[in-house]
>>> print(open('my_file08.cif').read())   # mmCIF, C-alpha atoms and all ligand atoms
data_query
loop_
_atom_site.label_atom_id
_atom_site.label_comp_id
_atom_site.auth_asym_id
_atom_site.auth_seq_id
_atom_site.Cartn_x
_atom_site.Cartn_y
_atom_site.Cartn_z
CA MET A 108 0.00 0.00 0.00
CA ARG A 109 0.98 3.65 -0.35
CA ILE A 110 0.41 5.36 2.98
CA GLY A 111 0.67 8.98 4.16
CA ILE A 112 1.22 9.43 7.89
CA LEU A 113 0.45 12.73 9.66
CA CYS A 114 1.97 13.37 13.09
CA TYR A 115 3.52 15.86 15.47
CA ALA A 116 7.28 16.08 15.28
CA SER A 117 7.82 17.12 18.89
CA VAL A 118 8.56 14.81 21.80
CA GLY A 119 5.33 13.02 22.70
CA GLY A 120 3.83 9.57 22.52
CA SER A 121 1.67 10.13 19.43
CA GLY A 122 4.63 11.27 17.32
CA VAL A 123 6.74 8.38 18.59
CA VAL A 124 4.07 5.78 17.77
CA ALA A 125 3.38 7.32 14.34
CA THR A 126 7.09 7.39 13.49
CA GLU A 127 7.66 3.81 14.65
CA LEU A 128 4.61 2.69 12.67
CA ALA A 129 6.00 4.44 9.57
CA HIS A 130 9.33 2.58 9.97
CA GLU A 131 7.61 -0.76 10.54
CA LEU A 132 5.26 -0.36 7.55
CA ALA A 133 8.16 0.64 5.29
CA ALA A 134 10.14 -2.39 6.47
CA ARG A 135 7.15 -4.55 5.55
CA GLY A 136 7.26 -3.26 1.97
CA HIS A 137 4.67 -0.47 2.02
CA TYR A 138 5.54 2.98 0.61
CA VAL A 139 5.28 5.47 3.43
CA HIS A 140 5.32 9.28 3.35
CA VAL A 141 5.43 11.09 6.68
CA LEU A 142 4.05 14.64 6.65
CA SER A 143 5.05 16.88 9.54
CA SER A 144 6.46 20.34 10.31
CA GLU A 145 9.94 18.85 10.75
CA ARG A 146 11.61 15.43 10.91
CA PRO A 147 9.86 13.73 13.80
CA PHE A 148 11.68 12.95 16.96
CA ARG A 149 12.99 9.35 16.61
CA TRP A 150 13.07 9.61 12.79
CA ARG A 151 15.83 7.44 11.30
CA ASP A 152 17.29 8.54 7.98
CA GLY A 153 18.10 6.30 5.04
CA ARG A 154 15.29 3.75 5.36
CA LYS A 155 13.97 2.14 2.20
CA ASN A 156 10.38 3.03 1.18
CA LEU A 157 10.24 5.85 3.75
CA VAL A 158 10.11 9.52 2.79
CA PHE A 159 9.76 12.64 4.91
CA GLU A 160 7.53 15.37 3.44
CA PRO A 161 8.08 18.71 5.24
CA VAL A 162 5.01 20.90 5.65
CA GLU A 163 6.04 24.51 5.06
CA THR A 164 3.98 27.13 6.86
CA THR A 165 4.81 30.34 5.02
CA ALA A 166 4.51 33.49 7.14
CA TYR A 167 2.37 36.36 5.89
CA PRO A 168 2.12 39.75 7.62
CA LEU A 169 -1.66 39.50 7.94
CA PHE A 170 -1.50 36.11 9.72
CA ARG A 171 -1.00 36.61 13.44
CA GLU A 172 -0.37 32.88 13.86
CA PRO A 173 1.02 30.13 11.58
CA GLN A 174 -1.69 28.53 9.40
CA TYR A 175 -0.52 24.93 9.88
CA LEU A 176 -3.91 23.31 9.24
CA LEU A 177 -4.16 24.95 5.82
CA ALA A 178 -0.55 24.20 4.89
CA LEU A 179 -0.96 20.58 5.98
CA ALA A 180 -4.22 20.09 4.01
CA THR A 181 -2.53 21.53 0.92
CA SER A 182 0.49 19.22 1.38
CA ILE A 183 -1.75 16.17 1.87
CA ALA A 184 -3.64 16.93 -1.34
CA ARG A 185 -0.37 17.38 -3.26
CA VAL A 186 1.38 14.27 -1.91
CA ALA A 187 -1.80 12.17 -2.28
CA CYS A 188 -1.84 12.82 -6.03
CA GLU A 189 1.91 12.87 -6.68
CA GLN A 190 2.44 9.61 -4.79
CA LYS A 191 -0.94 8.00 -5.53
CA LEU A 192 -1.55 7.39 -1.83
CA ASP A 193 -4.14 4.79 -0.82
CA VAL A 194 -4.50 5.82 2.81
CA ILE A 195 -3.90 8.90 4.94
CA HIS A 196 -3.32 7.95 8.57
CA ALA A 197 -3.75 10.91 10.97
CA HIS A 198 -2.21 10.56 14.44
CA TYR A 199 -3.87 12.86 17.00
CA ALA A 200 -7.28 14.21 16.02
CA VAL A 201 -6.43 17.89 15.71
CA PRO A 202 -5.36 19.25 13.41
CA HIS A 203 -4.39 16.05 11.58
CA ALA A 204 -7.80 14.38 11.10
CA THR A 205 -9.26 17.80 10.29
CA ALA A 206 -6.57 18.43 7.68
CA ALA A 207 -7.15 14.97 6.17
CA TYR A 208 -10.87 15.77 5.85
CA LEU A 209 -10.17 19.15 4.26
CA ALA A 210 -7.72 17.57 1.79
CA ASP A 211 -10.34 14.94 0.94
CA ARG A 212 -12.90 17.66 0.12
CA MET A 213 -10.34 19.48 -2.04
CA LEU A 214 -9.50 16.27 -3.92
CA ALA A 215 -13.21 15.43 -4.36
CA ALA A 216 -13.80 18.85 -5.90
CA ASP A 217 -10.91 18.15 -8.23
CA ALA A 218 -12.81 15.29 -9.95
CA GLY A 219 -11.60 12.85 -7.30
CA ALA A 220 -8.87 11.25 -9.42
CA CYS A 221 -6.70 10.68 -6.35
CA ARG A 222 -8.63 10.31 -3.11
CA PRO A 223 -7.03 8.25 -0.36
CA ARG A 224 -9.16 6.86 2.45
CA THR A 225 -8.58 8.40 5.87
CA VAL A 226 -7.77 6.66 9.16
CA THR A 227 -7.47 8.51 12.46
CA THR A 228 -5.71 7.21 15.55
CA LEU A 229 -6.72 8.89 18.81
CA HIS A 230 -3.86 9.08 21.30
CA GLY A 231 -5.24 10.59 24.48
CA THR A 232 -5.04 14.29 25.16
CA ASP A 233 -6.61 14.95 21.74
CA VAL A 234 -9.77 13.56 23.35
CA THR A 235 -9.34 13.94 27.12
CA LEU A 236 -8.05 17.53 27.13
CA VAL A 237 -8.52 19.08 23.67
CA GLY A 238 -11.67 17.14 22.73
CA SER A 239 -13.40 17.95 25.98
CA ASP A 240 -12.57 21.67 25.72
CA PRO A 241 -15.60 23.61 24.44
CA SER A 242 -13.34 25.53 22.01
CA TYR A 243 -12.49 22.34 20.12
CA ARG A 244 -15.06 19.66 21.03
CA ARG A 245 -17.21 20.05 17.94
CA VAL A 246 -14.35 20.03 15.45
CA VAL A 247 -12.80 16.99 17.17
CA ALA A 248 -16.16 15.14 17.00
CA PHE A 249 -16.66 16.14 13.37
CA SER A 250 -13.14 15.13 12.31
CA ILE A 251 -13.49 11.74 14.03
CA GLU A 252 -16.83 11.12 12.35
CA GLN A 253 -15.52 12.04 8.91
CA SER A 254 -12.63 9.55 9.04
CA HIS A 255 -13.19 6.30 7.19
CA ALA A 256 -11.87 4.43 10.24
CA VAL A 257 -10.88 5.44 13.76
CA THR A 258 -8.63 3.64 16.19
CA ALA A 259 -7.81 4.38 19.84
CA VAL A 260 -4.79 3.20 21.80
CA SER A 261 -6.82 1.72 24.69
CA GLU A 262 -10.33 0.65 25.69
CA SER A 263 -10.22 3.45 28.22
CA LEU A 264 -9.62 6.05 25.49
CA LYS A 265 -12.44 4.60 23.40
CA HIS A 266 -14.73 4.98 26.41
CA ASP A 267 -13.48 8.54 27.04
CA THR A 268 -14.13 9.45 23.40
CA LEU A 269 -17.74 8.31 23.68
CA THR A 270 -18.29 10.17 26.93
CA ALA A 271 -16.23 13.34 26.34
CA VAL A 272 -16.83 13.87 22.62
CA GLY A 273 -20.02 11.86 22.10
CA VAL A 274 -18.84 9.91 19.04
CA GLY A 275 -16.90 6.76 18.28
CA SER A 276 -19.01 3.67 18.98
CA ASP A 277 -17.21 1.91 16.10
CA ILE A 278 -13.70 2.85 17.22
CA ARG A 279 -11.29 -0.07 16.94
CA VAL A 280 -8.81 -0.43 19.83
CA ILE A 281 -5.22 -1.03 18.74
CA PRO A 282 -2.74 -0.76 21.61
CA ASN A 283 0.62 0.95 21.25
CA PHE A 284 3.66 -1.14 20.46
CA LEU A 285 7.45 -1.23 20.56
CA ASP A 286 10.19 -2.44 18.29
CA CYS A 287 11.06 -5.30 20.64
CA GLU A 288 14.49 -5.74 19.10
CA ALA A 289 15.40 -2.18 20.08
CA TYR A 290 13.67 -2.36 23.46
CA SER A 291 15.13 -5.01 25.72
CA ARG A 292 17.28 -4.97 28.84
CA ARG A 293 20.76 -3.71 27.98
CA PRO A 294 22.71 -3.06 31.15
CA ASP A 295 25.60 -0.62 30.87
CA PRO A 296 27.46 -0.90 34.21
CA GLU A 297 29.83 1.98 33.37
CA ALA A 298 26.97 4.41 32.59
CA ARG A 299 25.23 3.30 35.76
CA ARG A 300 28.35 3.87 37.83
CA ALA A 301 28.58 7.40 36.42
CA ILE A 302 25.15 8.18 37.87
CA ALA A 303 25.31 6.12 41.03
CA PRO A 304 29.00 5.52 41.87
CA ASP A 305 28.00 4.20 45.28
CA ASP A 306 25.58 1.72 43.60
CA VAL A 307 22.51 3.22 45.25
CA PRO A 308 19.20 2.31 43.53
CA ILE A 309 17.96 4.51 40.70
CA VAL A 310 14.37 5.67 40.21
CA MET A 311 13.68 6.95 36.68
CA HIS A 312 11.00 9.10 35.08
CA VAL A 313 10.72 9.79 31.33
CA SER A 314 8.19 12.25 29.90
CA ASN A 315 7.56 15.44 28.01
CA PHE A 316 7.29 17.39 31.30
CA ARG A 317 3.78 18.65 30.67
CA PRO A 318 1.36 19.39 33.56
CA VAL A 319 -0.54 16.12 32.97
CA LYS A 320 2.67 14.21 33.89
CA ARG A 321 2.83 15.86 37.35
CA VAL A 322 6.62 15.99 37.47
CA ASP A 323 6.36 17.97 40.72
CA MET A 324 4.78 14.81 42.20
CA VAL A 325 7.63 12.73 40.79
CA PHE A 326 10.01 14.77 42.91
CA GLU A 327 7.67 14.83 45.92
CA VAL A 328 7.44 11.01 45.88
CA PHE A 329 11.22 10.79 45.53
CA ARG A 330 11.72 13.31 48.38
CA ARG A 331 9.56 11.18 50.71
CA LEU A 332 11.33 8.00 49.57
CA ARG A 333 14.71 9.65 50.11
CA GLU A 334 13.76 10.41 53.72
CA ARG A 335 13.51 6.61 54.14
CA ARG A 336 16.42 5.33 52.06
CA ASN A 337 19.36 6.34 49.88
CA ALA A 338 18.40 6.57 46.19
CA ARG A 339 18.95 8.60 43.01
CA LEU A 340 16.31 10.15 40.77
CA VAL A 341 16.96 10.35 37.03
CA LEU A 342 14.60 12.60 35.04
CA VAL A 343 14.67 12.17 31.27
CA GLY A 344 13.00 14.43 28.70
CA ASP A 345 12.07 18.05 28.25
CA GLY A 346 8.99 20.25 28.32
CA PRO A 347 7.36 23.25 29.98
CA ASP A 348 7.60 21.96 33.57
CA ARG A 349 11.26 21.02 33.47
CA LEU A 350 12.65 24.43 34.44
CA PRO A 351 10.26 24.99 37.37
CA LEU A 352 11.08 21.48 38.60
CA ALA A 353 14.82 22.09 38.27
CA ARG A 354 14.36 25.17 40.50
CA THR A 355 12.46 23.17 43.15
CA VAL A 356 15.06 20.40 43.04
CA GLY A 357 17.89 22.94 43.28
CA GLN A 358 16.44 24.35 46.51
CA SER A 359 16.00 20.92 48.09
CA LYS A 360 18.42 19.18 50.41
CA PHE A 361 18.33 16.25 47.97
CA ALA A 362 19.46 18.30 44.96
CA ASP A 363 22.64 16.22 44.58
CA ASP A 364 20.58 13.04 44.26
CA VAL A 365 18.70 14.20 41.17
CA GLN A 366 19.94 14.36 37.58
CA PHE A 367 18.23 15.67 34.45
CA PHE A 368 18.91 14.30 30.95
CA ASN A 369 17.54 14.93 27.50
CA GLU A 370 16.18 11.85 25.78
CA ARG A 371 18.91 10.07 23.80
CA PRO A 372 18.50 7.78 20.79
CA ASP A 373 19.39 4.70 22.82
CA LEU A 374 16.70 5.07 25.46
CA ALA A 375 16.68 1.31 26.15
CA SER A 376 20.18 1.27 27.61
CA GLY A 377 19.32 4.34 29.70
CA LEU A 378 16.15 2.68 31.01
CA SER A 379 18.10 -0.50 31.79
CA MET A 380 19.99 1.45 34.47
CA ALA A 381 16.82 1.99 36.46
CA ASP A 382 15.68 -0.10 39.39
CA ALA A 383 12.17 1.35 39.23
CA PHE A 384 10.20 3.65 36.94
CA LEU A 385 7.75 6.25 38.28
CA LEU A 386 4.80 7.70 36.33
CA PRO A 387 2.33 9.50 38.62
CA SER A 388 0.35 11.10 35.75
CA ALA A 389 -3.04 12.74 36.24
CA GLN A 390 -4.20 11.12 33.01
CA GLU A 391 -2.61 8.61 30.63
CA SER A 392 -4.54 7.02 27.79
CA PHE A 393 -1.89 4.32 27.45
CA GLY A 394 1.48 5.18 29.01
CA LEU A 395 4.02 4.38 26.30
CA ALA A 396 6.90 5.43 28.58
CA ALA A 397 5.83 2.79 31.13
CA LEU A 398 5.73 0.17 28.37
CA GLU A 399 9.29 1.10 27.31
CA ALA A 400 10.49 0.67 30.90
CA MET A 401 8.69 -2.68 31.20
CA ALA A 402 10.40 -3.92 28.02
CA CYS A 403 13.73 -3.22 29.75
CA GLU A 404 12.65 -5.29 32.78
CA VAL A 405 12.15 -2.26 35.01
CA PRO A 406 9.26 -2.52 37.52
CA VAL A 407 6.90 0.45 37.11
CA VAL A 408 4.94 2.38 39.73
CA VAL A 409 2.17 4.25 37.92
CA SER A 410 -1.13 6.02 38.49
CA ARG A 411 -4.27 3.91 38.23
CA VAL A 412 -5.72 6.16 35.51
CA GLY A 413 -6.89 5.88 31.90
CA GLY A 414 -5.34 3.01 29.96
CA LEU A 415 -2.53 2.21 32.42
CA PRO A 416 -4.46 -0.70 34.00
CA GLU A 417 -4.59 -2.23 30.49
CA VAL A 418 -0.79 -2.12 30.35
CA VAL A 419 0.28 -2.82 33.94
CA GLU A 420 -1.00 -5.73 36.01
CA ASP A 421 -0.96 -4.61 39.64
CA GLY A 422 1.47 -6.62 41.75
CA VAL A 423 2.65 -8.71 38.78
CA THR A 424 4.27 -6.42 36.17
CA GLY A 425 4.32 -3.26 38.31
CA TYR A 426 2.14 -1.34 40.73
CA LEU A 427 -0.95 0.76 40.15
CA CYS A 428 -1.59 3.48 42.75
CA ASP A 429 -4.30 6.07 43.25
CA PRO A 430 -2.79 9.24 41.69
CA ASP A 431 -3.40 11.17 44.92
CA ASP A 432 -1.92 8.52 47.18
CA LEU A 433 1.73 9.56 47.06
CA ASP A 434 2.51 7.55 50.19
CA ALA A 435 1.39 4.38 48.41
CA MET A 436 3.82 5.18 45.57
CA VAL A 437 6.60 5.75 48.10
CA ALA A 438 5.81 2.43 49.80
CA ARG A 439 5.77 0.53 46.49
CA LEU A 440 9.07 2.06 45.37
CA ASP A 441 10.62 1.33 48.75
CA MET A 442 9.51 -2.30 48.49
CA VAL A 443 10.84 -2.74 44.94
CA LEU A 444 14.18 -1.06 45.68
CA GLY A 445 14.64 -3.10 48.83
CA ASP A 446 14.00 -6.53 47.32
CA SER A 447 16.21 -7.61 44.42
CA ASP A 448 14.29 -10.87 43.91
CA LEU A 449 10.97 -9.04 43.62
CA ARG A 450 12.59 -6.56 41.23
CA ALA A 451 13.94 -9.30 38.97
CA THR A 452 10.71 -11.36 38.99
CA MET A 453 8.53 -8.35 38.31
CA GLY A 454 10.89 -7.01 35.65
CA ARG A 455 10.94 -10.34 33.81
CA ALA A 456 7.13 -10.65 33.99
CA ALA A 457 6.80 -7.11 32.60
CA ALA A 458 9.15 -7.81 29.68
CA GLU A 459 7.31 -11.05 28.91
CA VAL A 460 3.98 -9.19 28.69
CA VAL A 461 5.55 -6.67 26.31
CA ARG A 462 6.95 -9.48 24.15
CA THR A 463 3.65 -11.35 23.91
CA ARG A 464 1.17 -8.45 23.62
CA PHE A 465 2.90 -5.23 22.58
CA CYS A 466 5.59 -5.99 19.98
CA ALA A 467 5.37 -4.50 16.48
CA GLY A 468 4.87 -7.95 14.98
CA VAL A 469 1.61 -8.34 16.97
CA ILE A 470 0.24 -4.81 16.51
CA VAL A 471 1.28 -3.57 13.04
CA PRO A 472 -0.83 -6.22 11.22
CA GLN A 473 -3.86 -4.79 13.06
CA TYR A 474 -3.22 -1.43 11.39
CA GLU A 475 -2.74 -3.14 8.04
CA ALA A 476 -6.13 -4.83 8.54
CA VAL A 477 -7.74 -1.41 9.15
CA TYR A 478 -6.14 -0.09 5.93
CA ASP A 479 -7.45 -3.15 4.04
CA ASP A 480 -10.93 -2.57 5.43
CA VAL A 481 -11.12 1.12 4.50
CA LEU A 482 -9.86 0.32 1.01
CA CYS A 483 -12.73 -2.17 0.72
CA GLY A 484 -15.17 0.49 1.93
CA VAL A 485 -15.70 -0.89 5.44
CA ARG A 486 -15.79 1.73 8.22
CA SER A 487 -13.80 0.53 11.25
O1 LIG B 501 0.98 13.66 26.90
C1 LIG B 501 1.74 12.97 26.22
O2 LIG B 501 2.47 12.11 26.67
C2 LIG B 501 1.74 13.16 24.77
C3 LIG B 501 0.62 12.45 24.13
C4 LIG B 501 0.77 12.55 22.65
O3 LIG B 501 -0.23 12.43 22.01
O4 LIG B 501 1.82 12.76 22.09
O5 LIG B 501 0.60 11.11 24.65
C5 LIG B 501 -0.57 10.38 24.55
O6 LIG B 501 -0.32 9.42 23.54
C6 LIG B 501 0.62 8.40 23.86
C7 LIG B 501 0.79 7.51 22.64
O7 LIG B 501 -0.41 6.91 22.27
C8 LIG B 501 0.14 7.63 25.10
O8 LIG B 501 1.07 6.62 25.41
C9 LIG B 501 0.02 8.61 26.26
O9 LIG B 501 -0.52 7.90 27.36
C10 LIG B 501 -0.92 9.75 25.90
N1 LIG B 501 -0.86 10.76 26.95
C11 LIG B 501 -1.91 11.03 27.73
O10 LIG B 501 -3.00 10.47 27.63
C12 LIG B 501 -1.68 12.07 28.75
#
>>> encode(input="my_file08.cif", output="structure tokens", more="lines below")
Ligand code: GMT
Amino acid sequence: MRIGILCYASVGGSGVVATELAHELAARGHYVHVLSSERPFRWRDGRKNLVFEPVETTAYPLFREPQYLLALATSIARVACEQKLDVIHAHYAVPHATAAYLADRMLAADAGACRPRTVTTLHGTDVTLVGSDPSYRRVVAFSIEQSHAVTAVSESLKHDTLTAVGVGSDIRVIPNFLDCEAYSRRPDPEARRAIAPDDVPIVMHVSNFRPVKRVDMVFEVFRRLRERRNARLVLVGDGPDRLPLARTVGQSKFADDVQFFNERPDLASGLSMADAFLLPSAQESFGLAALEAMACEVPVVVSRVGGLPEVVEDGVTGYLCDPDDLDAMVARLDMVLGDSDLRATMGRAAAEVVRTRFCAGVIVPQYEAVYDDVLCGVRS
């Protein structure tokens, strides 16, 4: 098939999943064009069948803000015809599904010679935050309804779409996935020693440091844990709440126990350093970062919200805690860090779940089946 993928380029789960899907589809022999404002985070150059199509948003003095939706719709229409695309796959409802709809109308008006079918994948905040905001709710609902097929990354997100946006009874749930060859435990004792020379246990958090991730709570949980035992906190990623957190950490008596890093290409070896992974999010439709940690055999302590209970089995592959019960998170971390047998058993169970349920080989065919269906005229 010839597939156009629309996604955000910035750090964030939807862009990561879209980019990985593009790589996987190209490796399986499909022709894939990725349309975005810049090369997505985690893009790998030089792959066969995979092309990046930059969307240029030309400035004009009358425009007070960049007109990305219009530029994207124009690019979709152009690439669809030039490359004879069969399917446009929009990741994140706005503006991608909206742009796909607009491009479809433009192509229809143009005698419809090239008119790919449209698939939208809902990722989470496009529904739970943007879709439930009165400023956007109607356009999110409309864009979802106009897609030829819609998928969501968890049952929880499907349910949220029905309740928050009022559409989506035929949404197909396709969980997120990992390239399981890239994501497996890869201990790097030297790198670990550089962070914890005294071999104290490491708690890790990886995110885009947005308010929904509650990185202030990550530090608060660590601070309470640190009152009980020696440990290090490693914070990976970047986003709006990183600077305020760095200030709070800097003023704390545990400042020397905390290190910040930007995400590096080889995240798996970084994650393999951790003894536990902490994700106390307010909302998480899936929790791709937790899945990545699980693949590296790291026990996770996460909020019992959204789709996380579909990823983490409490007490078996990690721990689910009430997001407001920070003491429960502290207790779970303390238990995991203090018991190497529990850590190893839980880590292995987590990696086994990833291998059996969340590898690309299990999930990508489900997307191919959706593409087949829309090409045969079946919605969802
Ligand atoms: O908030 C983020 O982490 C970014 C956001 C995105 O769309 O880029 O992530 C959402 O999509 C990810 C991939 O499907 C999910 O793993 C995340 O759980 C989800 N984030 C939230 O629901 C807050």
>>> residues_around(input="my_file08.cif", residues="segment 248-252 of chain A", least_positions_apart="5", cutoff="10 Å", atoms="only C-alpha atoms", output="VMD selection string")
chain A and resid 200 to 209 226 to 229 234 238 to 239 243 257 to 258 268 to 269 271 to 275 277 to 278
>>> closest_atom_pairs(input="my_file08.cif", of="chain A", to="ligand LIG 501 (chain B)", cutoff="9 Å", atoms="only C-alpha atoms and all ligand atoms", output="tab-separated table")
residue	atom	partner	partner_atom	distance
A:Tyr115	CA	B:LIG501	O4	7.5
A:Ser117	CA	B:LIG501	O4	8.1
A:Val118	CA	B:LIG501	O4	7.1
A:Gly119	CA	B:LIG501	O4	3.6
A:Gly120	CA	B:LIG501	C6	3.7
A:Ser121	CA	B:LIG501	O4	3.7
A:Gly122	CA	B:LIG501	O4	5.7
A:Val123	CA	B:LIG501	C7	7.2
A:Val124	CA	B:LIG501	C7	6.1
A:Ala125	CA	B:LIG501	C7	8.7
A:His198	CA	B:LIG501	O3	8.0
A:Tyr199	CA	B:LIG501	O3	6.2
A:Thr228	CA	B:LIG501	O7	8.6
A:Leu229	CA	B:LIG501	O7	7.5
A:His230	CA	B:LIG501	O7	4.2
A:Gly231	CA	B:LIG501	O10	3.9
A:Thr232	CA	B:LIG501	O10	5.0
A:Asp233	CA	B:LIG501	O3	6.9
A:Val234	CA	B:LIG501	O10	8.6
A:Thr235	CA	B:LIG501	O10	7.2
A:Leu236	CA	B:LIG501	C12	8.5
A:Ala259	CA	B:LIG501	O7	8.2
A:Val260	CA	B:LIG501	O7	5.8
A:Ser261	CA	B:LIG501	O7	8.6
A:Leu264	CA	B:LIG501	O10	8.2
A:Pro282	CA	B:LIG501	O7	8.0
A:Asn283	CA	B:LIG501	O7	6.1
A:Ser314	CA	B:LIG501	O2	6.6
A:Asn315	CA	B:LIG501	O2	6.2
A:Phe316	CA	B:LIG501	O2	8.5
A:Arg317	CA	B:LIG501	O1	6.9
A:Pro318	CA	B:LIG501	O1	8.8
A:Val319	CA	B:LIG501	C12	6.0
A:Lys320	CA	B:LIG501	C12	7.1
A:Ser388	CA	B:LIG501	C12	7.4
A:Ala389	CA	B:LIG501	C12	7.6
A:Gln390	CA	B:LIG501	C12	5.0
A:Glu391	CA	B:LIG501	O10	3.6
A:Ser392	CA	B:LIG501	O10	3.8
A:Phe393	CA	B:LIG501	O9	3.8
A:Gly394	CA	B:LIG501	O9	3.8
A:Leu395	CA	B:LIG501	O8	3.8
A:Ala396	CA	B:LIG501	O8	6.7
A:Ala397	CA	B:LIG501	O8	8.4
A:Leu398	CA	B:LIG501	O8	8.5
A:Gly413	CA	B:LIG501	O10	7.4
A:Gly414	CA	B:LIG501	O9	7.3
A:Leu415	CA	B:LIG501	O9	7.9
>>> closest_residue(input="my_file08.cif", among="A:Ile470, A:Arg154, A:Thr355, A:Ala381", to="Arg293 of chain A", atoms="all atoms listed in the file")
A:Ala381
>>> residues_around(input="my_file08.cif", residues="Leu142 of chain A", least_positions_apart="2", cutoff="9 Å", atoms="all atoms listed in the file", output="PyMOL selection string")
chain A and resi 111-115+140+144-146+158-162+179+182-183+186
>>> atom_distance(input="my_file08.cif", atom1="atom CA of Asn156 of chain A", atom2="atom CA of Asp479 of chain A")
19.1 Å
>>> closest_residue(input="my_file08.cif", among="A:Thr164, A:Ser379, A:Ser359, A:Thr126", to="Ile309 of chain A", atoms="all atoms listed in the file")
A:Ser379
>>> closest_residue(input="my_file08.cif", among="A:Asp323, A:Asp345, A:Glu334, A:Asp295", to="Met380 of chain A", atoms="all atoms listed in the file")
A:Asp295
>>> atom_distance(input="my_file08.cif", atom1="atom CA of Ala303 of chain A", atom2="atom CA of Ala456 of chain A")
25.7 Å
>>> residues_around(input="my_file08.cif", residues="Val325 of chain A", least_positions_apart="5", cutoff="12 Å", atoms="only C-alpha atoms", output="PyMOL selection string")
chain A and resi 310-314+316+318-320+330-332+340-343+348-349+352+355-356+365+384-389+408-410+430-431+433-434+436-437+440
>>> write_last_selection(input="my_file08.cif", atoms="C-alpha atoms", output="PDB file, in the coordinates of the input")
ATOM      1  CA  VAL A 310      14.370   5.670  40.210  1.00  0.00           C
ATOM      2  CA  MET A 311      13.680   6.950  36.680  1.00  0.00           C
ATOM      3  CA  HIS A 312      11.000   9.100  35.080  1.00  0.00           C
ATOM      4  CA  VAL A 313      10.720   9.790  31.330  1.00  0.00           C
ATOM      5  CA  SER A 314       8.190  12.250  29.900  1.00  0.00           C
ATOM      6  CA  PHE A 316       7.290  17.390  31.300  1.00  0.00           C
ATOM      7  CA  PRO A 318       1.360  19.390  33.560  1.00  0.00           C
ATOM      8  CA  VAL A 319      -0.540  16.120  32.970  1.00  0.00           C
ATOM      9  CA  LYS A 320       2.670  14.210  33.890  1.00  0.00           C
ATOM     10  CA  ARG A 330      11.720  13.310  48.380  1.00  0.00           C
ATOM     11  CA  ARG A 331       9.560  11.180  50.710  1.00  0.00           C
ATOM     12  CA  LEU A 332      11.330   8.000  49.570  1.00  0.00           C
ATOM     13  CA  LEU A 340      16.310  10.150  40.770  1.00  0.00           C
ATOM     14  CA  VAL A 341      16.960  10.350  37.030  1.00  0.00           C
ATOM     15  CA  LEU A 342      14.600  12.600  35.040  1.00  0.00           C
ATOM     16  CA  VAL A 343      14.670  12.170  31.270  1.00  0.00           C
ATOM     17  CA  ASP A 348       7.600  21.960  33.570  1.00  0.00           C
ATOM     18  CA  ARG A 349      11.260  21.020  33.470  1.00  0.00           C
ATOM     19  CA  LEU A 352      11.080  21.480  38.600  1.00  0.00           C
ATOM     20  CA  THR A 355      12.460  23.170  43.150  1.00  0.00           C
ATOM     21  CA  VAL A 356      15.060  20.400  43.040  1.00  0.00           C
ATOM     22  CA  VAL A 365      18.700  14.200  41.170  1.00  0.00           C
ATOM     23  CA  PHE A 384      10.200   3.650  36.940  1.00  0.00           C
ATOM     24  CA  LEU A 385       7.750   6.250  38.280  1.00  0.00           C
ATOM     25  CA  LEU A 386       4.800   7.700  36.330  1.00  0.00           C
ATOM     26  CA  PRO A 387       2.330   9.500  38.620  1.00  0.00           C
ATOM     27  CA  SER A 388       0.350  11.100  35.750  1.00  0.00           C
ATOM     28  CA  ALA A 389      -3.040  12.740  36.240  1.00  0.00           C
ATOM     29  CA  VAL A 408       4.940   2.380  39.730  1.00  0.00           C
ATOM     30  CA  VAL A 409       2.170   4.250  37.920  1.00  0.00           C
ATOM     31  CA  SER A 410      -1.130   6.020  38.490  1.00  0.00           C
ATOM     32  CA  PRO A 430      -2.790   9.240  41.690  1.00  0.00           C
ATOM     33  CA  ASP A 431      -3.400  11.170  44.920  1.00  0.00           C
ATOM     34  CA  LEU A 433       1.730   9.560  47.060  1.00  0.00           C
ATOM     35  CA  ASP A 434       2.510   7.550  50.190  1.00  0.00           C
ATOM     36  CA  MET A 436       3.820   5.180  45.570  1.00  0.00           C
ATOM     37  CA  VAL A 437       6.600   5.750  48.100  1.00  0.00           C
ATOM     38  CA  LEU A 440       9.070   2.060  45.370  1.00  0.00           C
TER      39      LEU A 440
END
>>> axis_aligned_box(input="my_file08.cif", around="segment 327-340 of chain A", padding_each_side="8 Å", output="JSON")
{"center_x": 13.4, "center_y": 10.1, "center_z": 47.5, "size_x": 27.9, "size_y": 25.5, "size_z": 29.4}
>>> closest_residue(input="my_file08.cif", among="A:His196, A:Arg455, A:Arg245, A:Arg212", to="Thr225 of chain A", atoms="all atoms listed in the file")
A:His196
>>> closest_residue(input="my_file08.cif", among="A:Arg336, A:Ala467, A:Ala458, A:His255", to="Ala438 of chain A", atoms="all atoms listed in the file")
A:Arg336
